[in-house]
Amino acid sequence: MCDVDQQPELVKAESRSKSNRNCQKCKVGRPTVYARSAYYCKACFCDTIATRFRFGISNKEMVADGSKVLVAYSGGPSSSCLLRLVKSHRRFASKLRYAHILLCHIDESEVTSGSDFGKYDFQRVRSLMEESGFASKTVSLSEVFSGASVAESVPETEGFRLRLSVSEMTPLEKLKVSLESVPKFSSKEDLIYQYRSQLLLQIAREENCQAMLLGDNATRLAIRVISQTSKGRGFSLPLEIAGDTNFHGDVIVTRPLREILSKEVAFFNHYEGIEFIARPKLTTGMPAKQSIDRLTEDFIVGLMNDYPATVNTVYRTASKVSTGLDRPDVSKCPLCGGPVQAESNQWRRRHTISKLGESSAENGSSDNKCDDSGCCGSGGCGSNVESVNVQPLLCYGCQNLPSDRDPKKPLLLPPYVLDGIKSKEQVGRNRAYMEEVVQEFILSDDDEP
């Protein structure tokens, strides 16, 4: 099933002395790394990593030469490796691929500082960004809730209804309330990931960046393939693992390290003397079964001990999956920004049961006049504030959020969620109007002679 020679490993000194092998690239140096069925010396191994990076940014049809790009920098091993490769490319390339580079760090210490594992040297991260010589920007994760407006869920109502409200809480307080409303760690990690992604896109647009470079390596992408599929997000797999994607329109998302394993990143950082800061996650130090992402990571890493080519097998198989993201009927989820498969909400209703009596309520047995377009406002539904049922507008994966939250507590979401709903409603009204205009010109089967 897997080639046992795919996992990179160091070549021991005693093995080098007993063997007459030389580096299979330069044919001169003594090998120090055995990776992908080949022996490399230190210099040739680092050059191989740089070559894969250059291949990862070579798509000029997506991003033109001389563009301004945002580099997502967390301070971890992969983003530090990405930063070094970007600097080396600018120093030695005959023609600059990117004219302007902006480093962006999303500070998540606000949600990970509650445990002993949640402490990391944030000031050192800022120092490393300044030492890079590039323009840099640091934003707290709570900034996704900046402003007085917030999307608040209506408790104890059918479906998943949101209303726009004004809150006097600080952005940090809103973020904590949002995460505390969902008890499961899998949902918490999903919200953090979505907030971080939306912040990066927002900053890229504000700074007029044409592209955004992410430090996702092949190991991380393979873990994401399994975890996202387990959460019902398989429809968005081509978007999550794509090397280059223009799904977001004005910002191209690029993953230059997608062909590099996490262990290869570790060797490269060691040989190049790259300093990085280990940033803890929400479930760091917890049991593997605490969340789907954490369990999947433990499964993939453990499987690689016996089948080293697991990552390549998973990643390359997923790369061949096509779900039709570019079809006209595919819209964007207002929460995660991913693609929404047509009629996924109806399919979910037919195949899942979240609580007794749900089907009768969703089939319109209640006496109020609320529908999917919004609240009737008459008070018959138990609410006198205008709201909208967002469940039919969410992607299949985000539809898990209403069932995971505490129905008696309001869930706070960033205001961009309602902004996305308004744009989708406008598109829906335009489409309904066009269908009404051409309705009299459509021939039915009864009209045939």
# chains A, B, ... in the order shown; residues from 1 in each chain; ligands from 1
>>> residues_around(residues="Leu201 of chain A", least_positions_apart="2", cutoff="12 Å", atoms="only C-alpha atoms", output="VMD selection string")
chain A and resid 69 to 72 104 106 144 194 to 199 203 to 214 247 to 253 336 to 337
>>> residues_around(residues="Lys42 of chain A", least_positions_apart="5", cutoff="10 Å", atoms="only C-alpha atoms", output="MDAnalysis selection string")
chainID A and resid 23 29:33 47 267:268 271:272
>>> write_last_selection(atoms="C-alpha atoms", output="short mmCIF file (atom, residue, chain, number, x, y, z; two decimals), in the first residue's frame")
data_model
loop_
_atom_site.label_atom_id
_atom_site.label_comp_id
_atom_site.auth_asym_id
_atom_site.auth_seq_id
_atom_site.Cartn_x
_atom_site.Cartn_y
_atom_site.Cartn_z
CA CYS A 23 24.80 12.54 -2.17
CA GLY A 29 28.96 15.38 -0.44
CA ARG A 30 28.40 12.82 2.26
CA PRO A 31 24.68 12.11 2.85
CA THR A 32 23.03 13.34 6.02
CA VAL A 33 19.34 12.89 5.13
CA ASP A 47 18.27 23.26 -2.15
CA PHE A 267 15.15 19.15 9.04
CA PHE A 268 15.27 22.33 6.95
CA TYR A 271 20.05 22.90 9.03
CA GLU A 272 19.29 26.57 8.36
#
>>> closest_atom_pairs(of="segment 157-204 of chain A", to="segment 387-394 of chain A", cutoff="8 Å", atoms="only C-alpha atoms", output="JSON lines")
{"residue": "A:Gly159", "atom": "CA", "partner": "A:Asn389", "partner_atom": "CA", "distance": 6.3}
{"residue": "A:Phe160", "atom": "CA", "partner": "A:Asn389", "partner_atom": "CA", "distance": 5.4}
{"residue": "A:Arg161", "atom": "CA", "partner": "A:Asn389", "partner_atom": "CA", "distance": 4.1}
{"residue": "A:Leu162", "atom": "CA", "partner": "A:Ser387", "partner_atom": "CA", "distance": 5.4}
{"residue": "A:Arg163", "atom": "CA", "partner": "A:Ser387", "partner_atom": "CA", "distance": 4.4}
{"residue": "A:Leu164", "atom": "CA", "partner": "A:Ser387", "partner_atom": "CA", "distance": 7.6}
>>> residues_around(residues="Gln24 of chain A", least_positions_apart="3", cutoff="12 Å", atoms="only C-alpha atoms", output="NGL selection string")
:A and (20-21 or 27-45 or 48)
>>> write_last_selection(atoms="N, CA, C and O atoms", output="mmCIF file, in the first residue's frame")
data_model
loop_
_atom_site.group_PDB
_atom_site.id
_atom_site.type_symbol
_atom_site.label_atom_id
_atom_site.label_comp_id
_atom_site.auth_asym_id
_atom_site.auth_seq_id
_atom_site.Cartn_x
_atom_site.Cartn_y
_atom_site.Cartn_z
ATOM 1 N N ASN A 20 29.862 3.716 1.157
ATOM 2 C CA ASN A 20 30.560 4.515 0.159
ATOM 3 C C ASN A 20 29.614 5.427 -0.606
ATOM 4 O O ASN A 20 29.984 5.991 -1.628
ATOM 5 N N ARG A 21 28.361 5.524 -0.128
ATOM 6 C CA ARG A 21 27.390 6.355 -0.818
ATOM 7 C C ARG A 21 27.761 7.829 -0.702
ATOM 8 O O ARG A 21 28.251 8.296 0.317
ATOM 9 N N LYS A 27 26.666 14.265 -6.017
ATOM 10 C CA LYS A 27 27.585 13.145 -6.231
ATOM 11 C C LYS A 27 28.913 13.316 -5.492
ATOM 12 O O LYS A 27 29.850 12.551 -5.718
ATOM 13 N N VAL A 28 29.005 14.317 -4.615
ATOM 14 C CA VAL A 28 30.269 14.587 -3.930
ATOM 15 C C VAL A 28 30.110 14.530 -2.410
ATOM 16 O O VAL A 28 30.877 13.873 -1.707
ATOM 17 N N GLY A 29 29.122 15.267 -1.877
ATOM 18 C CA GLY A 29 28.959 15.381 -0.437
ATOM 19 C C GLY A 29 28.511 14.081 0.206
ATOM 20 O O GLY A 29 27.900 13.214 -0.422
ATOM 21 N N ARG A 30 28.821 13.977 1.495
ATOM 22 C CA ARG A 30 28.396 12.817 2.259
ATOM 23 C C ARG A 30 26.946 12.996 2.676
ATOM 24 O O ARG A 30 26.541 14.065 3.130
ATOM 25 N N PRO A 31 26.125 11.955 2.553
ATOM 26 C CA PRO A 31 24.685 12.113 2.846
ATOM 27 C C PRO A 31 24.415 12.279 4.337
ATOM 28 O O PRO A 31 25.061 11.654 5.175
ATOM 29 N N THR A 32 23.468 13.129 4.636
ATOM 30 C CA THR A 32 23.025 13.337 6.018
ATOM 31 C C THR A 32 21.536 13.081 6.182
ATOM 32 O O THR A 32 21.071 12.901 7.311
ATOM 33 N N VAL A 33 20.787 13.088 5.081
ATOM 34 C CA VAL A 33 19.339 12.885 5.134
ATOM 35 C C VAL A 33 18.947 11.865 4.095
ATOM 36 O O VAL A 33 19.433 11.906 2.945
ATOM 37 N N TYR A 34 18.084 10.944 4.479
ATOM 38 C CA TYR A 34 17.496 9.992 3.545
ATOM 39 C C TYR A 34 16.018 10.338 3.414
ATOM 40 O O TYR A 34 15.242 10.169 4.354
ATOM 41 N N ALA A 35 15.628 10.861 2.258
ATOM 42 C CA ALA A 35 14.255 11.324 2.061
ATOM 43 C C ALA A 35 13.804 10.989 0.648
ATOM 44 O O ALA A 35 14.556 11.177 -0.313
ATOM 45 N N ARG A 36 12.563 10.477 0.553
ATOM 46 C CA ARG A 36 11.951 10.159 -0.739
ATOM 47 C C ARG A 36 12.842 9.258 -1.586
ATOM 48 O O ARG A 36 13.110 9.529 -2.753
ATOM 49 N N SER A 37 13.342 8.215 -0.946
ATOM 50 C CA SER A 37 14.148 7.168 -1.606
ATOM 51 C C SER A 37 15.457 7.699 -2.169
ATOM 52 O O SER A 37 15.972 7.194 -3.170
ATOM 53 N N ALA A 38 15.996 8.741 -1.561
ATOM 54 C CA ALA A 38 17.264 9.304 -2.034
ATOM 55 C C ALA A 38 18.062 9.826 -0.848
ATOM 56 O O ALA A 38 17.500 10.249 0.166
ATOM 57 N N TYR A 39 19.416 9.770 -1.008
ATOM 58 C CA TYR A 39 20.325 10.303 -0.005
ATOM 59 C C TYR A 39 20.762 11.704 -0.409
ATOM 60 O O TYR A 39 21.123 11.950 -1.572
ATOM 61 N N TYR A 40 20.722 12.655 0.558
ATOM 62 C CA TYR A 40 21.101 14.031 0.285
ATOM 63 C C TYR A 40 22.101 14.508 1.324
ATOM 64 O O TYR A 40 22.012 14.149 2.513
ATOM 65 N N CYS A 41 23.030 15.334 0.863
ATOM 66 C CA CYS A 41 23.855 16.060 1.806
ATOM 67 C C CYS A 41 23.071 17.266 2.311
ATOM 68 O O CYS A 41 21.980 17.569 1.822
ATOM 69 N N LYS A 42 23.635 17.966 3.283
ATOM 70 C CA LYS A 42 22.922 19.081 3.890
ATOM 71 C C LYS A 42 22.573 20.156 2.875
ATOM 72 O O LYS A 42 21.431 20.634 2.816
ATOM 73 N N ALA A 43 23.540 20.556 2.060
ATOM 74 C CA ALA A 43 23.306 21.639 1.096
ATOM 75 C C ALA A 43 22.292 21.241 0.037
ATOM 76 O O ALA A 43 21.401 22.040 -0.316
ATOM 77 N N CYS A 44 22.379 20.040 -0.467
ATOM 78 C CA CYS A 44 21.466 19.607 -1.525
ATOM 79 C C CYS A 44 20.051 19.402 -0.996
ATOM 80 O O CYS A 44 19.070 19.631 -1.711
ATOM 81 N N PHE A 45 19.931 18.961 0.252
ATOM 82 C CA PHE A 45 18.597 18.802 0.825
ATOM 83 C C PHE A 45 17.904 20.155 0.943
ATOM 84 O O PHE A 45 16.733 20.297 0.577
ATOM 85 N N THR A 48 16.825 21.301 -2.397
ATOM 86 C CA THR A 48 15.644 20.587 -2.863
ATOM 87 C C THR A 48 14.363 21.197 -2.287
ATOM 88 O O THR A 48 13.355 21.353 -2.987
#
>>> residues_around(residues="Leu257 of chain A", least_positions_apart="4", cutoff="9 Å", atoms="only C-alpha atoms", output="ChimeraX atom specification")
/A:49,52-53,56,78,81-82,214-218,243,261,265
>>> select_by_dssp(residues="segment 104-277 of chain A", states="alpha helix (DSSP H)", output="VMD selection string")
chain A and resid 109 to 112 122 to 131 171 to 180 185 to 206 218 to 230 237 to 241 262 to 272
>>> select_by_dssp(residues="segment 48-218 of chain A", states="strand (DSSP E or B)", output="number ranges by chain")
A: 67-72, 98-107, 135-140, 149-153, 161-166, 211-213
>>> write_last_selection(atoms="N, CA, C and O atoms", output="compact mmCIF listing (two decimals), in the first residue's frame")
# COMPACT_ATOMS: atom_id res chain seq x y z
N SER A 67 3.53 41.30 -7.73
CA SER A 67 2.31 41.50 -6.94
C SER A 67 2.67 41.73 -5.46
O SER A 67 3.76 41.40 -5.00
N LYS A 68 1.72 42.28 -4.74
CA LYS A 68 1.84 42.44 -3.31
C LYS A 68 1.14 41.28 -2.63
O LYS A 68 -0.01 40.98 -2.95
N VAL A 69 1.84 40.61 -1.72
CA VAL A 69 1.29 39.40 -1.10
C VAL A 69 1.34 39.54 0.42
O VAL A 69 2.17 40.25 0.98
N LEU A 70 0.42 38.84 1.06
CA LEU A 70 0.39 38.73 2.51
C LEU A 70 0.89 37.35 2.90
O LEU A 70 0.40 36.35 2.37
N VAL A 71 1.85 37.28 3.79
CA VAL A 71 2.39 36.01 4.29
C VAL A 71 1.86 35.80 5.71
O VAL A 71 2.15 36.58 6.61
N ALA A 72 1.05 34.75 5.89
CA ALA A 72 0.50 34.43 7.20
C ALA A 72 1.62 33.83 8.05
O ALA A 72 2.17 32.77 7.71
N TYR A 98 7.52 38.54 -6.05
CA TYR A 98 6.62 39.40 -5.30
C TYR A 98 7.34 40.71 -5.00
O TYR A 98 8.43 40.72 -4.41
N ALA A 99 6.73 41.82 -5.38
CA ALA A 99 7.36 43.13 -5.18
C ALA A 99 7.23 43.60 -3.75
O ALA A 99 8.16 44.19 -3.19
N HIS A 100 6.10 43.38 -3.13
CA HIS A 100 5.86 43.84 -1.77
C HIS A 100 5.33 42.67 -0.94
O HIS A 100 4.46 41.92 -1.39
N ILE A 101 5.84 42.55 0.27
CA ILE A 101 5.47 41.45 1.17
C ILE A 101 5.04 42.03 2.51
O ILE A 101 5.73 42.89 3.08
N LEU A 102 3.91 41.55 3.01
CA LEU A 102 3.39 41.96 4.31
C LEU A 102 3.25 40.73 5.19
O LEU A 102 2.54 39.79 4.84
N LEU A 103 3.93 40.74 6.33
CA LEU A 103 3.77 39.66 7.31
C LEU A 103 2.59 39.97 8.20
O LEU A 103 2.43 41.09 8.68
N CYS A 104 1.75 38.96 8.43
CA CYS A 104 0.57 39.15 9.27
C CYS A 104 0.51 38.03 10.30
O CYS A 104 0.56 36.84 9.95
N HIS A 105 0.40 38.41 11.56
CA HIS A 105 0.31 37.45 12.66
C HIS A 105 -1.02 37.63 13.38
O HIS A 105 -1.37 38.75 13.79
N ILE A 106 -1.76 36.54 13.52
CA ILE A 106 -3.02 36.55 14.26
C ILE A 106 -2.74 36.01 15.66
O ILE A 106 -2.38 34.83 15.83
N ASP A 107 -2.87 36.87 16.66
CA ASP A 107 -2.58 36.49 18.04
C ASP A 107 -3.78 35.75 18.63
O ASP A 107 -4.84 36.34 18.84
N ALA A 135 7.49 44.51 6.02
CA ALA A 135 6.42 45.18 6.74
C ALA A 135 5.59 44.12 7.47
O ALA A 135 5.37 43.03 6.94
N SER A 136 5.15 44.44 8.67
CA SER A 136 4.44 43.45 9.47
C SER A 136 3.22 44.09 10.12
O SER A 136 3.15 45.30 10.31
N LYS A 137 2.29 43.21 10.47
CA LYS A 137 1.06 43.64 11.12
C LYS A 137 0.59 42.53 12.05
O LYS A 137 0.55 41.36 11.66
N THR A 138 0.24 42.90 13.27
CA THR A 138 -0.23 41.94 14.26
C THR A 138 -1.65 42.29 14.67
O THR A 138 -1.93 43.45 15.00
N VAL A 139 -2.54 41.31 14.63
CA VAL A 139 -3.94 41.52 14.94
C VAL A 139 -4.39 40.43 15.91
O VAL A 139 -4.05 39.26 15.73
N SER A 140 -5.13 40.83 16.92
CA SER A 140 -5.69 39.85 17.86
C SER A 140 -6.90 39.16 17.25
O SER A 140 -7.63 39.75 16.45
N SER A 149 -21.75 46.23 16.50
CA SER A 149 -22.73 45.28 15.99
C SER A 149 -22.23 43.85 16.15
O SER A 149 -21.04 43.58 16.09
N VAL A 150 -23.19 42.95 16.33
CA VAL A 150 -22.87 41.53 16.46
C VAL A 150 -24.07 40.73 15.99
O VAL A 150 -25.22 41.17 16.13
N ALA A 151 -23.81 39.58 15.41
CA ALA A 151 -24.88 38.67 15.00
C ALA A 151 -25.19 37.75 16.17
O ALA A 151 -24.33 36.97 16.59
N GLU A 152 -26.40 37.84 16.68
CA GLU A 152 -26.78 37.09 17.87
C GLU A 152 -27.88 36.09 17.53
O GLU A 152 -28.85 36.43 16.84
N SER A 153 -27.72 34.87 17.99
CA SER A 153 -28.74 33.85 17.74
C SER A 153 -29.93 34.08 18.66
O SER A 153 -29.79 34.56 19.78
N ARG A 161 -31.81 30.93 13.97
CA ARG A 161 -32.16 32.29 13.61
C ARG A 161 -31.14 33.27 14.20
O ARG A 161 -30.74 33.16 15.36
N LEU A 162 -30.74 34.25 13.40
CA LEU A 162 -29.81 35.29 13.81
C LEU A 162 -30.48 36.65 13.68
O LEU A 162 -31.29 36.87 12.77
N ARG A 163 -30.08 37.55 14.56
CA ARG A 163 -30.56 38.92 14.48
C ARG A 163 -29.38 39.85 14.75
O ARG A 163 -28.45 39.50 15.48
N LEU A 164 -29.44 41.04 14.19
CA LEU A 164 -28.40 42.02 14.39
C LEU A 164 -28.68 42.80 15.67
O LEU A 164 -29.77 43.34 15.84
N SER A 165 -27.72 42.83 16.57
CA SER A 165 -27.89 43.53 17.83
C SER A 165 -26.65 44.36 18.12
O SER A 165 -25.60 44.19 17.51
N VAL A 166 -26.79 45.25 19.08
CA VAL A 166 -25.70 46.12 19.51
C VAL A 166 -25.25 45.68 20.90
O VAL A 166 -26.08 45.54 21.81
N ALA A 211 -2.47 38.37 -3.28
CA ALA A 211 -2.37 36.95 -2.92
C ALA A 211 -2.05 36.82 -1.44
O ALA A 211 -1.58 37.77 -0.79
N MET A 212 -2.29 35.64 -0.91
CA MET A 212 -2.01 35.32 0.48
C MET A 212 -1.30 33.98 0.54
O MET A 212 -1.81 32.98 0.02
N LEU A 213 -0.11 33.95 1.14
CA LEU A 213 0.69 32.73 1.25
C LEU A 213 0.45 32.09 2.62
O LEU A 213 0.62 32.75 3.65
>>> residues_around(residues="segment 331-334 of chain A", least_positions_apart="3", cutoff="9 Å", atoms="only C-alpha atoms", output="compact mmCIF listing (two decimals) with all heavy atoms, in the first residue's frame")
# COMPACT_ATOMS: atom_id res chain seq x y z
N LEU A 325 -16.84 23.09 -7.64
CA LEU A 325 -16.94 24.35 -6.90
C LEU A 325 -17.23 25.53 -7.81
O LEU A 325 -17.72 26.56 -7.35
CB LEU A 325 -15.63 24.61 -6.15
CG LEU A 325 -15.24 23.62 -5.05
CD1 LEU A 325 -13.91 24.01 -4.45
CD2 LEU A 325 -16.30 23.58 -3.98
N ARG A 327 -19.36 25.71 -10.26
CA ARG A 327 -20.68 25.73 -10.87
C ARG A 327 -21.44 26.99 -10.48
O ARG A 327 -21.26 27.53 -9.39
CB ARG A 327 -21.48 24.50 -10.44
CG ARG A 327 -20.95 23.18 -10.98
CD ARG A 327 -22.08 22.15 -11.00
NE ARG A 327 -22.77 22.11 -9.72
CZ ARG A 327 -22.52 21.24 -8.76
NH1 ARG A 327 -21.56 20.36 -8.91
NH2 ARG A 327 -23.23 21.25 -7.63
N PRO A 328 -22.34 27.48 -11.35
CA PRO A 328 -23.06 28.72 -11.03
C PRO A 328 -23.95 28.61 -9.80
O PRO A 328 -24.21 29.61 -9.14
CB PRO A 328 -23.90 28.97 -12.30
CG PRO A 328 -23.20 28.20 -13.39
CD PRO A 328 -22.60 27.01 -12.71
N GLY A 337 -17.28 30.96 4.75
CA GLY A 337 -16.85 31.44 3.45
C GLY A 337 -16.61 30.34 2.44
O GLY A 337 -16.16 30.61 1.32
N GLY A 338 -16.88 29.09 2.80
CA GLY A 338 -16.69 27.97 1.89
C GLY A 338 -17.88 27.76 0.98
O GLY A 338 -18.89 28.45 1.07
N PRO A 339 -17.78 26.80 0.07
CA PRO A 339 -18.87 26.54 -0.88
C PRO A 339 -20.06 25.84 -0.22
O PRO A 339 -19.89 25.04 0.70
CB PRO A 339 -18.21 25.65 -1.93
CG PRO A 339 -17.14 24.93 -1.18
CD PRO A 339 -16.63 25.90 -0.15
N VAL A 340 -21.24 26.14 -0.70
CA VAL A 340 -22.47 25.52 -0.21
C VAL A 340 -23.04 24.66 -1.32
O VAL A 340 -23.36 25.17 -2.41
CB VAL A 340 -23.50 26.58 0.23
CG1 VAL A 340 -24.79 25.91 0.71
CG2 VAL A 340 -22.93 27.46 1.33
N GLN A 341 -23.16 23.40 -1.07
CA GLN A 341 -23.73 22.49 -2.05
C GLN A 341 -25.23 22.68 -2.13
O GLN A 341 -25.90 22.83 -1.11
CB GLN A 341 -23.40 21.04 -1.68
CG GLN A 341 -23.73 20.04 -2.77
CD GLN A 341 -23.23 18.65 -2.42
OE1 GLN A 341 -22.82 18.39 -1.30
NE2 GLN A 341 -23.25 17.75 -3.38
N ALA A 342 -25.76 22.70 -3.33
CA ALA A 342 -27.19 22.95 -3.53
C ALA A 342 -28.02 21.88 -2.83
O ALA A 342 -27.72 20.68 -2.89
CB ALA A 342 -27.51 22.98 -5.02
N VAL A 390 -30.83 31.21 9.23
CA VAL A 390 -29.64 31.06 8.40
C VAL A 390 -29.31 29.61 8.11
O VAL A 390 -28.38 29.33 7.35
CB VAL A 390 -28.42 31.73 9.09
CG1 VAL A 390 -28.68 33.20 9.32
CG2 VAL A 390 -28.08 31.03 10.39
N LEU A 393 -28.87 28.53 4.56
CA LEU A 393 -27.82 29.24 3.84
C LEU A 393 -26.43 28.74 4.19
O LEU A 393 -25.47 29.10 3.51
CB LEU A 393 -27.90 30.75 4.15
CG LEU A 393 -29.26 31.41 3.91
CD1 LEU A 393 -29.21 32.88 4.31
CD2 LEU A 393 -29.69 31.26 2.46
N LEU A 394 -26.31 27.93 5.25
CA LEU A 394 -25.00 27.44 5.69
C LEU A 394 -24.58 26.22 4.88
O LEU A 394 -25.42 25.49 4.33
CB LEU A 394 -25.04 27.08 7.17
CG LEU A 394 -25.37 28.21 8.15
CD1 LEU A 394 -25.45 27.66 9.57
CD2 LEU A 394 -24.34 29.32 8.09
N CYS A 395 -23.26 25.99 4.83
CA CYS A 395 -22.77 24.77 4.21
C CYS A 395 -23.06 23.59 5.11
O CYS A 395 -23.44 23.75 6.28
CB CYS A 395 -21.26 24.89 3.93
SG CYS A 395 -20.24 24.98 5.42
N CYS A 398 -21.08 23.60 8.48
CA CYS A 398 -21.48 24.63 9.45
C CYS A 398 -22.88 24.39 10.00
O CYS A 398 -23.26 25.00 11.00
CB CYS A 398 -21.40 26.02 8.80
SG CYS A 398 -19.71 26.60 8.54
N TYR A 416 -19.87 39.99 10.05
CA TYR A 416 -19.72 39.64 8.64
C TYR A 416 -20.66 38.49 8.23
O TYR A 416 -20.95 38.32 7.04
CB TYR A 416 -18.27 39.27 8.32
CG TYR A 416 -17.80 37.92 8.84
CD1 TYR A 416 -18.13 36.74 8.18
CD2 TYR A 416 -17.02 37.83 9.98
CE1 TYR A 416 -17.69 35.51 8.64
CE2 TYR A 416 -16.58 36.60 10.45
CZ TYR A 416 -16.92 35.46 9.78
OH TYR A 416 -16.50 34.24 10.24
N VAL A 417 -21.13 37.71 9.22
CA VAL A 417 -22.05 36.62 8.90
C VAL A 417 -23.36 37.17 8.34
O VAL A 417 -23.86 36.70 7.31
CB VAL A 417 -22.32 35.76 10.16
CG1 VAL A 417 -23.33 34.67 9.85
CG2 VAL A 417 -21.02 35.15 10.67
N LEU A 418 -23.91 38.19 9.00
CA LEU A 418 -25.16 38.78 8.50
C LEU A 418 -24.93 39.56 7.22
O LEU A 418 -25.82 39.63 6.37
CB LEU A 418 -25.75 39.70 9.57
CG LEU A 418 -26.46 38.99 10.74
CD1 LEU A 418 -26.96 40.00 11.75
CD2 LEU A 418 -27.61 38.14 10.24
N ASP A 419 -23.74 40.13 7.04
CA ASP A 419 -23.44 40.81 5.77
C ASP A 419 -23.48 39.83 4.61
O ASP A 419 -23.99 40.13 3.53
CB ASP A 419 -22.07 41.48 5.85
CG ASP A 419 -22.03 42.61 6.85
OD1 ASP A 419 -23.13 43.14 7.17
OD2 ASP A 419 -20.94 42.97 7.32
N GLY A 420 -22.93 38.62 4.84
CA GLY A 420 -23.00 37.60 3.80
C GLY A 420 -24.40 37.13 3.53
O GLY A 420 -24.77 36.82 2.39
N ILE A 421 -25.24 37.08 4.58
CA ILE A 421 -26.63 36.66 4.40
C ILE A 421 -27.40 37.68 3.58
O ILE A 421 -28.19 37.33 2.70
CB ILE A 421 -27.29 36.45 5.78
CG1 ILE A 421 -26.66 35.26 6.49
CG2 ILE A 421 -28.79 36.24 5.64
CD1 ILE A 421 -27.11 35.10 7.91
N LYS A 424 -26.60 37.24 -0.03
CA LYS A 424 -27.22 36.03 -0.58
C LYS A 424 -28.72 36.23 -0.75
O LYS A 424 -29.31 35.75 -1.72
CB LYS A 424 -26.95 34.83 0.33
CG LYS A 424 -25.49 34.42 0.38
CD LYS A 424 -25.30 33.16 1.18
CE LYS A 424 -25.87 31.97 0.46
NZ LYS A 424 -25.53 30.70 1.10
